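S.K.: Dropping the structure in here first, questions after.
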Amino acid sequence: GAGVSQTPSNKVTEKGKYVELRCDPISGHTALYWYRQSLGQGPEFLIYFQGTGAADDSGLPNDRFFAVRPEGSVSTLKIQRTERGDSAVYLCASSRDRTDTEAFFGQGTRLTVV
Amino acid sequence: AQSVSQHNHHVILSEAASLELGCNYSYGGTVNLFWYVQYPGQHLQLLLKYFSGDPLVKGIKGFEAEFIKSKFSFNLRKPSVQWSDTAEYFCAVTRSGNTGKLIFGQGTTLQVKP
């Protein structure tokens, strides 16, 4: 596609539920990144995929968060047993590879846990 | 740990005024530096970037930034702002080698009055 696509754009869920957030990167981009942006803050790195493998998951806050990219294209961020503190905008970005000079961001999924 | 500090959280200017947004980072090694912009309702977009060479870099829409290594700074400037520059601005840094794993500052909201 023309840009990075994220779905849904908004998600409201109840505390304790499981959610999945989807990211469709730019076609041909092998590097994919997830970020979380809380209100009034800059985006915080969560995880980086190179191809199908999670090359760096050092930003995942705890084991309730997990992400996959089984075919090296679409990625899904999964959050188990959601908590109110998980409410944030989740951003996805992609680039041709890890050394590319620009990462392109999607519009994000706004997750609200009630 | 790396960190990025943006000094101004909210800036209000009149059209044609000059703009300077401060950014300092705390990493002592080789870094790549970026300014991203987020217009209302839109995704993060790259304004400009510094990798090496001339420390004065020019970006889109008349923006420029100067890398001062001795001050660990990468301030953003524009000689004359327009109403359409109203947006949130993020400074970001990454270590050489993975340009998508960004550490962002908390952002500066710029409001330009017509």
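Labels for the structure tokens follow display order: chains A, B, ..., residues from 1 in each chain, ligands from 1.
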Please check the contacts: residues of chain A at most 8 Å away from chain B, using only C-alpha atoms, listed as a compact mmCIF listing (two decimals) with N, CA, C and O atoms, in the first residue's frame.
M.R.:
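Once everything was written out, this is part.txt:
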# COMPACT_ATOMS: atom_id res chain seq x y z
N ALA A 31 11.95 -4.13 7.79
CA ALA A 31 12.03 -3.73 9.20
C ALA A 31 10.69 -3.17 9.65
O ALA A 31 10.08 -2.36 8.94
N TYR A 33 8.53 -1.78 13.31
CA TYR A 33 8.69 -1.32 14.69
C TYR A 33 7.33 -1.03 15.30
O TYR A 33 6.45 -0.50 14.63
N GLY A 40 0.65 13.06 26.21
CA GLY A 40 1.63 14.07 26.60
C GLY A 40 3.07 13.62 26.52
O GLY A 40 3.97 14.34 26.97
N GLN A 41 3.29 12.44 25.97
CA GLN A 41 4.65 11.90 25.88
C GLN A 41 5.03 11.61 24.43
O GLN A 41 4.17 11.52 23.56
N GLY A 42 6.31 11.44 24.19
CA GLY A 42 6.74 10.98 22.89
C GLY A 42 6.58 9.48 22.78
O GLY A 42 6.41 8.78 23.78
N PRO A 43 6.62 8.96 21.57
CA PRO A 43 6.52 7.50 21.39
C PRO A 43 7.66 6.79 22.09
O PRO A 43 8.79 7.27 22.12
N GLU A 44 7.35 5.60 22.65
CA GLU A 44 8.36 4.75 23.29
C GLU A 44 8.47 3.45 22.53
O GLU A 44 7.46 2.79 22.26
N PHE A 45 9.69 3.07 22.23
CA PHE A 45 9.96 1.84 21.48
C PHE A 45 9.49 0.61 22.25
O PHE A 45 9.72 0.50 23.45
N TYR A 48 11.12 -4.54 17.68
CA TYR A 48 11.60 -4.39 16.29
C TYR A 48 11.68 -5.77 15.64
O TYR A 48 12.22 -6.71 16.22
N ALA A 93 5.73 1.42 12.68
CA ALA A 93 6.55 2.06 11.66
C ALA A 93 7.27 0.99 10.87
O ALA A 93 7.51 -0.12 11.36
N SER A 94 7.63 1.31 9.63
CA SER A 94 8.41 0.37 8.84
C SER A 94 9.48 1.11 8.06
O SER A 94 9.37 2.32 7.80
N SER A 95 10.52 0.37 7.68
CA SER A 95 11.57 0.92 6.82
C SER A 95 12.11 -0.21 5.95
O SER A 95 11.88 -1.39 6.24
N ARG A 98 17.00 -2.03 8.55
CA ARG A 98 17.34 -1.33 9.79
C ARG A 98 18.28 -0.15 9.56
O ARG A 98 18.40 0.70 10.42
N THR A 99 18.96 -0.10 8.41
CA THR A 99 19.89 0.99 8.16
C THR A 99 19.30 2.07 7.25
O THR A 99 19.96 3.05 6.94
N ASP A 100 18.08 1.87 6.83
CA ASP A 100 17.43 2.88 6.00
C ASP A 100 17.37 4.19 6.75
O ASP A 100 17.30 4.20 7.99
N THR A 101 17.38 5.29 6.04
CA THR A 101 17.49 6.57 6.73
C THR A 101 16.16 7.12 7.22
O THR A 101 16.13 8.18 7.84
N GLU A 102 15.09 6.45 6.96
CA GLU A 102 13.79 6.95 7.40
C GLU A 102 12.85 5.82 7.72
O GLU A 102 12.72 4.87 6.95
N ALA A 103 12.19 5.95 8.86
CA ALA A 103 11.11 5.03 9.21
C ALA A 103 9.79 5.75 8.97
O ALA A 103 9.65 6.93 9.31
N PHE A 104 8.82 5.05 8.39
CA PHE A 104 7.53 5.62 8.06
C PHE A 104 6.50 5.11 9.07
O PHE A 104 6.40 3.91 9.30
N PHE A 105 5.74 6.05 9.62
CA PHE A 105 4.79 5.70 10.68
C PHE A 105 3.36 5.60 10.18
O PHE A 105 2.97 6.32 9.25
N GLY A 106 2.60 4.72 10.80
CA GLY A 106 1.17 4.67 10.60
C GLY A 106 0.48 5.68 11.49
O GLY A 106 1.13 6.38 12.28
N GLN A 107 -0.85 5.73 11.39
CA GLN A 107 -1.61 6.71 12.16
C GLN A 107 -1.90 6.23 13.57
O GLN A 107 -2.35 7.01 14.40
N GLY A 108 -1.63 4.96 13.82
CA GLY A 108 -1.77 4.48 15.18
C GLY A 108 -3.14 3.90 15.49
O GLY A 108 -4.12 4.14 14.78
S.K.: Need the shell around B:Ser5: protein/DNA/RNA residues with any atom at most 7 Å away, counting only C-alpha atoms. Skip same-chain ones fewer than 3 positions apart. Format as a ChimeraX atom specification?
M.R.: /B:23-25,105
S.K.: Give me, please, the distance in Å between atom CA of A:Lys78 and atom CA of A:Pro25, quoted to one decimal.
M.R.: 16.9 Å
S.K.: What residues in chain B get the DSSP label strand (DSSP E or B)? Please answer as a VMD selection string.
M.R.: chain B and resid 4 to 6 10 to 14 19 to 21 23 to 25 31 to 38 45 to 50 56 to 58 64 to 68 73 to 78 87 to 95 103 to 104 108 to 113
S.K.: If I take atom CA of B:Phe74 and atom CA of A:Gln37, how far is one from the other in Å, to one decimal?
M.R.: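 The value is 22.1 Å.
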S.K.: Name all residues at most 12 Å from stretch 64-69 of chain B (count only C-alpha atoms; drop same-chain ones fewer than 2 positions away) and give them as number ranges by chain.
M.R.: B: 18-36, 47-62, 71-80, 91, 93
S.K.: Can you work out the spacing between atom CA of A:Gly59 and atom CA of B:Asn8 in Å, to one decimal?
M.R.: 26.0 Å
S.K.: What lies within 8 Å of A:Arg84 using only C-alpha atoms, ignoring chain neighbours under 3 positions off, as a ChimeraX atom specification?
M.R.: /A:15,87,112-114
S.K.: Residues at most 7 Å from A:Asn10, counting only C-alpha atoms, excluding those fewer than 4 positions away in the same chain, as a PyMOL selection string?
M.R.: chain A and resi 109-111
S.K.: Once you have the residues from the selection above, write them out as a compact mmCIF listing (two decimals), in the first residue's frame, restricted to N, CA and C atoms.
M.R.:
# COMPACT_ATOMS: atom_id res chain seq x y z
N THR A 109 -3.16 3.11 16.54
CA THR A 109 -4.41 2.60 17.12
C THR A 109 -4.52 3.18 18.52
N ARG A 110 -5.63 3.87 18.76
CA ARG A 110 -5.86 4.40 20.10
C ARG A 110 -6.58 3.35 20.92
N LEU A 111 -5.90 2.82 21.92
CA LEU A 111 -6.47 1.79 22.80
C LEU A 111 -6.91 2.43 24.10
